[in-house]
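Okay, model_6.pdb is below, PDB, C-alpha atoms and all ligand atoms:
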```pdb
ATOM      1  CA  MET A   1      59.715  41.503  66.585
ATOM      2  CA  GLU A   2      58.515  43.948  63.980
ATOM      3  CA  LYS A   3      57.677  42.542  60.565
ATOM      4  CA  SER A   4      60.198  44.630  58.696
ATOM      5  CA  LEU A   5      62.553  41.778  57.899
ATOM      6  CA  PHE A   6      62.390  41.308  54.139
ATOM      7  CA  VAL A   7      62.862  37.644  53.301
ATOM      8  CA  GLY A   8      63.290  36.696  49.660
ATOM      9  CA  GLY A   9      63.386  32.927  50.124
ATOM     10  CA  VAL A  10      64.091  29.953  52.369
ATOM     11  CA  VAL A  11      65.824  26.646  51.742
ATOM     12  CA  SER A  12      64.528  24.488  54.541
ATOM     13  CA  LEU A  13      67.311  21.890  54.565
ATOM     14  CA  THR A  14      70.879  21.986  53.237
ATOM     15  CA  THR A  15      74.150  20.278  54.092
ATOM     16  CA  ILE A  16      76.472  22.712  52.311
ATOM     17  CA  ASP A  17      75.733  26.177  53.690
ATOM     18  CA  TYR A  18      77.135  25.658  57.195
ATOM     19  CA  PRO A  19      80.001  23.121  57.175
ATOM     20  CA  GLY A  20      79.242  19.998  59.168
ATOM     21  CA  HIS A  21      75.692  21.048  60.063
ATOM     22  CA  LEU A  22      72.224  20.428  58.705
ATOM     23  CA  SER A  23      70.888  23.912  58.241
ATOM     24  CA  THR A  24      68.026  26.072  57.057
ATOM     25  CA  VAL A  25      69.036  29.045  54.906
ATOM     26  CA  ILE A  26      67.112  32.312  55.000
ATOM     27  CA  PHE A  27      67.782  34.636  52.057
ATOM     28  CA  LEU A  28      67.385  38.286  53.009
ATOM     29  CA  GLN A  29      66.620  41.016  50.509
ATOM     30  CA  GLY A  30      69.035  43.782  49.629
ATOM     31  CA  CYS A  31      72.608  44.131  48.392
ATOM     32  CA  PRO A  32      74.607  47.317  47.736
ATOM     33  CA  TRP A  33      76.857  45.671  45.143
ATOM     34  CA  ARG A  34      76.241  44.583  41.557
ATOM     35  CA  CYS A  35      78.578  41.686  40.891
ATOM     36  CA  THR A  36      79.162  40.615  37.317
ATOM     37  CA  TYR A  37      78.139  37.028  38.041
ATOM     38  CA  CYS A  38      75.326  37.596  40.574
ATOM     39  CA  HIS A  39      72.800  34.759  40.510
ATOM     40  CA  ASN A  40      70.548  36.476  43.044
ATOM     41  CA  ARG A  41      69.652  39.662  41.231
ATOM     42  CA  HIS A  42      66.081  39.339  42.507
ATOM     43  CA  LEU A  43      67.519  39.834  46.003
ATOM     44  CA  GLN A  44      69.455  43.014  45.189
ATOM     45  CA  SER A  45      66.548  45.325  45.971
ATOM     46  CA  ILE A  46      65.770  45.573  49.673
ATOM     47  CA  LEU A  47      62.078  45.884  48.872
ATOM     48  CA  PRO A  48      60.799  42.591  47.470
ATOM     49  CA  THR A  49      57.694  42.212  45.393
ATOM     50  CA  GLU A  50      56.721  39.688  48.042
ATOM     51  CA  SER A  51      58.230  38.924  51.456
ATOM     52  CA  LEU A  52      57.789  35.746  53.482
ATOM     53  CA  PRO A  53      56.311  36.564  56.912
ATOM     54  CA  TRP A  54      58.916  36.135  59.650
ATOM     55  CA  GLU A  55      56.374  34.415  61.923
ATOM     56  CA  ASP A  56      55.848  31.713  59.254
ATOM     57  CA  ILE A  57      59.586  31.102  59.121
ATOM     58  CA  LEU A  58      59.809  30.821  62.893
ATOM     59  CA  ASN A  59      56.960  28.304  62.787
ATOM     60  CA  LEU A  60      58.816  26.287  60.136
ATOM     61  CA  LEU A  61      61.946  26.326  62.298
ATOM     62  CA  ALA A  62      59.962  25.211  65.360
ATOM     63  CA  ILE A  63      58.807  22.130  63.436
ATOM     64  CA  ARG A  64      62.397  21.379  62.331
ATOM     65  CA  LYS A  65      63.923  21.774  65.790
ATOM     66  CA  GLY A  66      65.923  18.712  66.812
ATOM     67  CA  PHE A  67      66.624  17.890  63.163
ATOM     68  CA  VAL A  68      68.008  21.119  61.757
ATOM     69  CA  GLU A  69      71.035  22.263  63.764
ATOM     70  CA  ALA A  70      71.735  25.714  62.380
ATOM     71  CA  VAL A  71      70.094  28.662  60.669
ATOM     72  CA  VAL A  72      72.119  30.551  58.077
ATOM     73  CA  PHE A  73      71.320  34.143  57.141
ATOM     74  CA  SER A  74      72.281  34.687  53.518
ATOM     75  CA  GLY A  75      71.342  37.049  50.718
ATOM     76  CA  GLY A  76      71.608  39.349  48.996
ATOM     77  CA  GLU A  77      73.634  40.888  51.751
ATOM     78  CA  PRO A  78      72.051  40.124  55.133
ATOM     79  CA  LEU A  79      73.916  42.931  56.908
ATOM     80  CA  MET A  80      71.807  45.396  54.911
ATOM     81  CA  GLN A  81      68.704  44.623  56.977
ATOM     82  CA  GLU A  82      68.200  46.588  60.168
ATOM     83  CA  ARG A  83      66.250  43.768  61.803
ATOM     84  CA  LEU A  84      68.986  41.164  61.335
ATOM     85  CA  VAL A  85      70.164  41.243  64.967
ATOM     86  CA  ASP A  86      66.597  40.719  66.213
ATOM     87  CA  ALA A  87      66.104  37.846  63.779
ATOM     88  CA  ILE A  88      69.345  36.233  64.929
ATOM     89  CA  GLY A  89      68.154  36.615  68.529
ATOM     90  CA  ASP A  90      64.893  34.870  67.658
ATOM     91  CA  VAL A  91      66.529  31.777  66.146
ATOM     92  CA  ARG A  92      69.265  31.659  68.762
ATOM     93  CA  SER A  93      66.650  31.649  71.550
ATOM     94  CA  MET A  94      65.133  28.582  69.836
ATOM     95  CA  GLY A  95      68.441  26.756  70.288
ATOM     96  CA  PHE A  96      69.832  26.935  66.749
ATOM     97  CA  LYS A  97      73.398  27.739  65.872
ATOM     98  CA  VAL A  98      73.674  30.788  63.640
ATOM     99  CA  GLY A  99      75.612  31.094  60.392
ATOM    100  CA  LEU A 100      76.084  34.250  58.337
ATOM    101  CA  HIS A 101      76.953  34.626  54.665
ATOM    102  CA  THR A 102      78.355  38.066  53.934
ATOM    103  CA  ALA A 103      80.620  39.855  51.502
ATOM    104  CA  GLY A 104      81.459  42.491  54.109
ATOM    105  CA  PRO A 105      80.186  45.746  52.582
ATOM    106  CA  PHE A 106      79.287  47.147  56.019
ATOM    107  CA  PRO A 107      82.142  46.648  58.521
ATOM    108  CA  ASN A 108      80.392  48.766  61.167
ATOM    109  CA  VAL A 109      77.336  46.532  61.058
ATOM    110  CA  LEU A 110      79.421  43.365  60.979
ATOM    111  CA  ALA A 111      81.191  44.518  64.158
ATOM    112  CA  LYS A 112      77.805  44.681  65.928
ATOM    113  CA  VAL A 113      76.634  41.292  64.696
ATOM    114  CA  LEU A 114      79.737  39.146  65.157
ATOM    115  CA  HIS A 115      79.156  38.475  68.849
ATOM    116  CA  CYS A 116      75.943  36.592  68.076
ATOM    117  CA  VAL A 117      77.002  34.330  65.197
ATOM    118  CA  ASP A 118      78.786  30.964  65.352
ATOM    119  CA  TRP A 119      80.192  30.731  61.848
ATOM    120  CA  VAL A 120      80.672  33.026  58.848
ATOM    121  CA  GLY A 121      81.025  32.300  55.133
ATOM    122  CA  PHE A 122      82.848  35.357  53.771
ATOM    123  CA  ASP A 123      82.730  36.006  50.010
ATOM    124  CA  VAL A 124      85.931  37.448  48.596
ATOM    125  CA  LYS A 125      85.412  39.053  45.201
ATOM    126  CA  TYR A 126      88.859  40.048  43.907
ATOM    127  CA  THR A 127      92.145  41.666  44.945
ATOM    128  CA  PHE A 128      91.047  44.355  47.390
ATOM    129  CA  GLU A 129      92.483  47.076  45.199
ATOM    130  CA  ASN A 130      90.467  45.946  42.182
ATOM    131  CA  TYR A 131      87.202  44.860  43.824
ATOM    132  CA  SER A 132      85.064  47.124  41.682
ATOM    133  CA  GLN A 133      85.967  45.064  38.602
ATOM    134  CA  ILE A 134      83.600  42.428  40.009
ATOM    135  CA  THR A 135      81.260  44.426  42.276
ATOM    136  CA  ASN A 136      80.909  47.456  40.002
ATOM    137  CA  ILE A 137      80.986  49.610  43.146
ATOM    138  CA  GLN A 138      83.844  51.966  43.982
ATOM    139  CA  ASP A 139      85.599  51.447  47.336
ATOM    140  CA  SER A 140      83.949  48.070  47.869
ATOM    141  CA  GLY A 141      87.405  46.514  48.362
ATOM    142  CA  ALA A 142      88.263  48.795  51.290
ATOM    143  CA  ALA A 143      85.022  47.861  53.058
ATOM    144  CA  ALA A 144      85.546  44.153  52.426
ATOM    145  CA  LYS A 145      89.130  44.274  53.698
ATOM    146  CA  GLU A 146      88.073  46.053  56.882
ATOM    147  CA  SER A 147      85.335  43.483  57.461
ATOM    148  CA  LEU A 148      87.722  40.613  56.918
ATOM    149  CA  LYS A 149      90.161  42.065  59.441
ATOM    150  CA  LEU A 150      87.344  42.314  62.003
ATOM    151  CA  LEU A 151      86.406  38.735  61.319
ATOM    152  CA  VAL A 152      89.972  37.456  61.776
ATOM    153  CA  GLU A 153      90.356  39.446  65.010
ATOM    154  CA  SER A 154      87.029  38.137  66.360
ATOM    155  CA  GLY A 155      88.286  34.533  66.494
ATOM    156  CA  ILE A 156      84.928  33.310  65.128
ATOM    157  CA  ALA A 157      85.139  30.276  62.843
ATOM    158  CA  PHE A 158      84.877  31.322  59.212
ATOM    159  CA  GLU A 159      85.664  30.387  55.648
ATOM    160  CA  ALA A 160      86.726  32.807  52.917
ATOM    161  CA  ARG A 161      85.241  31.853  49.543
ATOM    162  CA  ILE A 162      86.400  33.058  46.153
ATOM    163  CA  THR A 163      84.164  32.529  43.144
ATOM    164  CA  VAL A 164      86.583  32.210  40.245
ATOM    165  CA  HIS A 165      85.069  34.231  37.416
ATOM    166  CA  GLU A 166      86.427  33.889  33.879
ATOM    167  CA  SER A 167      87.564  37.540  33.930
ATOM    168  CA  MET A 168      90.038  36.787  36.760
ATOM    169  CA  ASN A 169      93.508  35.819  35.559
ATOM    170  CA  ILE A 170      95.731  33.380  37.441
ATOM    171  CA  PRO A 171      98.184  35.990  38.802
ATOM    172  CA  SER A 172      95.223  37.925  40.250
ATOM    173  CA  ILE A 173      93.870  34.809  41.956
ATOM    174  CA  VAL A 174      97.315  34.056  43.393
ATOM    175  CA  GLU A 175      97.480  37.640  44.639
ATOM    176  CA  ILE A 176      94.068  37.310  46.318
ATOM    177  CA  LEU A 177      95.204  34.134  48.072
ATOM    178  CA  LYS A 178      98.400  35.788  49.270
ATOM    179  CA  GLU A 179      96.404  38.769  50.556
ATOM    180  CA  LEU A 180      94.121  36.440  52.485
ATOM    181  CA  SER A 181      97.047  34.568  53.976
ATOM    182  CA  SER A 182      98.745  37.791  55.041
ATOM    183  CA  LEU A 183      95.547  38.872  56.815
ATOM    184  CA  GLY A 184      95.515  35.633  58.819
ATOM    185  CA  VAL A 185      92.788  33.717  56.989
ATOM    186  CA  LYS A 186      93.089  29.983  57.726
ATOM    187  CA  THR A 187      90.290  28.436  55.655
ATOM    188  CA  VAL A 188      89.704  29.168  51.968
ATOM    189  CA  ALA A 189      87.455  27.677  49.309
ATOM    190  CA  LEU A 190      87.992  28.316  45.596
ATOM    191  CA  GLN A 191      84.586  27.960  43.948
ATOM    192  CA  LYS A 192      83.926  27.338  40.278
ATOM    193  CA  CYS A 193      81.687  29.953  38.708
ATOM    194  CA  ARG A 194      78.369  28.941  37.136
ATOM    195  CA  ASP A 195      76.641  30.503  34.168
ATOM    196  CA  LYS A 196      72.974  31.520  34.029
ATOM    197  CA  CYS A 197      72.030  27.924  33.222
ATOM    198  CA  GLU A 198      73.940  26.695  36.300
ATOM    199  CA  ASN A 199      76.641  25.061  34.136
ATOM    200  CA  VAL A 200      80.167  25.191  35.557
ATOM    201  CA  VAL A 201      82.395  27.714  33.785
ATOM    202  CA  GLU A 202      85.847  26.142  33.786
ATOM    203  CA  HIS A 203      88.921  28.200  34.593
ATOM    204  CA  ALA A 204      92.553  27.317  33.843
ATOM    205  CA  ILE A 205      93.556  27.546  37.507
ATOM    206  CA  PHE A 206      91.595  24.392  38.333
ATOM    207  CA  SER A 207      93.810  22.388  35.940
ATOM    208  CA  ASP A 208      97.022  23.681  37.468
ATOM    209  CA  LYS A 209      97.404  21.101  40.215
ATOM    210  CA  LEU A 210     100.947  22.133  41.115
ATOM    211  CA  LEU A 211      99.912  25.754  41.632
ATOM    212  CA  LEU A 212      96.870  24.732  43.690
ATOM    213  CA  GLU A 213      99.018  22.460  45.832
ATOM    214  CA  ASP A 214     101.479  25.296  46.320
ATOM    215  CA  MET A 215      98.689  27.729  47.259
ATOM    216  CA  SER A 216      97.145  25.249  49.684
ATOM    217  CA  LYS A 217     100.289  25.487  51.818
ATOM    218  CA  TYR A 218      99.331  29.041  52.794
ATOM    219  CA  PHE A 219      96.240  27.808  54.666
ATOM    220  CA  ASP A 220      95.151  25.233  57.250
ATOM    221  CA  ASN A 221      92.205  24.257  55.039
ATOM    222  CA  PHE A 222      92.024  24.784  51.279
ATOM    223  CA  TYR A 223      89.013  23.519  49.339
ATOM    224  CA  ILE A 224      88.066  23.383  45.671
ATOM    225  CA  ARG A 225      84.306  23.451  45.006
ATOM    226  CA  GLY A 226      82.062  23.339  41.986
TER     227      GLY A 226
HETATM  228  S1  LIG B   1      77.429  40.549  46.763
HETATM  229 FE1  LIG B   1      76.300  38.661  46.286
HETATM  230  S2  LIG B   1      74.116  39.256  46.193
HETATM  231 FE2  LIG B   1      75.356  41.142  46.057
HETATM  232  S3  LIG B   1      75.556  41.512  43.872
HETATM  233 FE3  LIG B   1      77.372  40.376  44.534
HETATM  234  S4  LIG B   1      76.860  38.210  44.156
HETATM  235 FE4  LIG B   1      74.918  39.384  44.100
END
```

Kindly return the structure encoded in the file as structure tokens.
Amino acid sequence: MEKSLFVGGVVSLTTIDYPGHLSTVIFLQGCPWRCTYCHNRHLQSILPTESLPWEDILNLLAIRKGFVEAVVFSGGEPLMQERLVDAIGDVRSMGFKVGLHTAGPFPNVLAKVLHCVDWVGFDVKYTFENYSQITNIQDSGAAAKESLKLLVESGIAFEARITVHESMNIPSIVEILKELSSLGVKTVALQKCRDKCENVVEHAIFSDKLLLEDMSKYFDNFYIRG
């Protein structure tokens, strides 16, 4: 394939980025949104100061074959890269399962990619109507909602993840969860936010066990992380 896949980093072995699988995570450059709590600002530009050669990554994966089970494309926003489908084809032809982390800013691209991924981690930012309060981009909620609908309809295994930022009040979080349930989402993870020093930023919702138990009833799987 052409060498126009801009890779900002690789984590060669993780147990948390594709549930139940040992995986390698490839972080692709580029993101159209500017979330308040973004920890990957160096990935927001699609043009990196330095990009890891794709051939080197394929060589790394070849060495790990038989040990690593899956390759996860993360970001940034991986759907922003035109060469993503080719890259997925490369790792799939090596026998790896494919995971995708996305926030769904490009539903048209997601629709073209879904047939070749095995699992998706879908980041949910806020109530769809008020997405821009987190992403700082107008109409981001409409795009995310459309993507999530496509994902539900596809039948592909996925998890919706909400990073609970301190600016989100409890009624808003409850509203997000109800929106997800009404769209047919079955698996949700509420993730604790971290500050720039990677310390957990506590939020009152994580102390409200009764509310969390109540919310968990909306889903088949409901996880708390952080
Ligand atoms: S979608 Fe992800 S990578 Fe993009 S700005 Fe938000 S947190 Fe950062």

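Interatomic distance, atom CA of A:Ala144 against atom CA of A:Ala103: 6.6 Å.
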
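Residues matching the PyMOL selection byres (((not hetatm)) within 8 of (chain B and resi 1)) in this structure come to A:Gly30, A:Cys31, A:Pro32, A:Trp33, A:Arg34, A:Cys35, A:Thr36, A:Tyr37, A:Cys38, A:His39, A:Asn40, A:Arg41, A:Leu43, A:Gln44, A:Gly75, A:Gly76, A:Glu77, A:Thr102, A:Ala103, A:Asp123, A:Ile134, A:Thr135.
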
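Atom to atom, atom CA of A:Leu22 and atom CA of A:Ala70 stand 6.5 Å apart.
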
- Report as a PyMOL selection string the residues that result from applying the PyMOL selection byres (((chain A and resi 222-225) around 10) and not hetatm) to the structure here. chain A and resi 159-163+186-193+206+212-213+215-221+226

Go ahead and write the residues just picked, C-alpha atoms, as a CSV table (one decimal), keeping the file's coordinate frame.
```csv
chain,number,residue,atom,x,y,z
A,159,GLU,CA,85.7,30.4,55.6
A,160,ALA,CA,86.7,32.8,52.9
A,161,ARG,CA,85.2,31.9,49.5
A,162,ILE,CA,86.4,33.1,46.2
A,163,THR,CA,84.2,32.5,43.1
A,186,LYS,CA,93.1,30.0,57.7
A,187,THR,CA,90.3,28.4,55.7
A,188,VAL,CA,89.7,29.2,52.0
A,189,ALA,CA,87.5,27.7,49.3
A,190,LEU,CA,88.0,28.3,45.6
A,191,GLN,CA,84.6,28.0,43.9
A,192,LYS,CA,83.9,27.3,40.3
A,193,CYS,CA,81.7,30.0,38.7
A,206,PHE,CA,91.6,24.4,38.3
A,212,LEU,CA,96.9,24.7,43.7
A,213,GLU,CA,99.0,22.5,45.8
A,215,MET,CA,98.7,27.7,47.3
A,216,SER,CA,97.1,25.2,49.7
A,217,LYS,CA,100.3,25.5,51.8
A,218,TYR,CA,99.3,29.0,52.8
A,219,PHE,CA,96.2,27.8,54.7
A,220,ASP,CA,95.2,25.2,57.2
A,221,ASN,CA,92.2,24.3,55.0
A,226,GLY,CA,82.1,23.3,42.0
```

- Could you write out as a count of residues only the residues that the PyMOL selection byres (((chain A and resi 3-13) around 10) and not hetatm) matches in the shown file? 51

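Comparing the minimum interatomic distances between A:Lys145 and each of A:Ser182, A:Ser207, A:Asn199, A:Ser167, counting only C-alpha atoms, we find that A:Ser182 sits nearest.
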
- Determine, counting all atoms listed in the file, which protein, DNA and RNA residues have an atom within 7 Å of an atom of A:Leu79; residues of the same chain fewer than 3 positions away are not included. Present the result as a PyMOL selection string. chain A and resi 84+106+109-110

In file coordinates, which residues lie within 12 Å of (93.9, 28.3, 30.6) using all atoms listed in the file, given as a PDB file with C-alpha atoms, in the frame of the given file?
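File produced: part-v4.pdb:
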```
ATOM      1  CA  GLU A 166      86.427  33.889  33.879  1.00  0.00           C
ATOM      2  CA  SER A 167      87.564  37.540  33.930  1.00  0.00           C
ATOM      3  CA  MET A 168      90.038  36.787  36.760  1.00  0.00           C
ATOM      4  CA  ASN A 169      93.508  35.819  35.559  1.00  0.00           C
ATOM      5  CA  ILE A 170      95.731  33.380  37.441  1.00  0.00           C
ATOM      6  CA  VAL A 201      82.395  27.714  33.785  1.00  0.00           C
ATOM      7  CA  GLU A 202      85.847  26.142  33.786  1.00  0.00           C
ATOM      8  CA  HIS A 203      88.921  28.200  34.593  1.00  0.00           C
ATOM      9  CA  ALA A 204      92.553  27.317  33.843  1.00  0.00           C
ATOM     10  CA  ILE A 205      93.556  27.546  37.507  1.00  0.00           C
ATOM     11  CA  PHE A 206      91.595  24.392  38.333  1.00  0.00           C
ATOM     12  CA  SER A 207      93.810  22.388  35.940  1.00  0.00           C
ATOM     13  CA  ASP A 208      97.022  23.681  37.468  1.00  0.00           C
TER      14      ASP A 208
END
```

- To one decimal place, how far is atom CA of A:Ala157 from atom CA of A:Val98 in Å? 11.5 Å

- For A:Asp139, which residue among A:Pro105, A:Pro19, A:Val91, A:Val200 is the nearest when counting all atoms listed in the file? A:Pro105

- Can you work out which one of A:Val164, A:Leu211, A:Leu150, A:Met80 has the shortest atom-to-atom distance to A:Gly184, counting all atoms listed in the file? A:Leu150
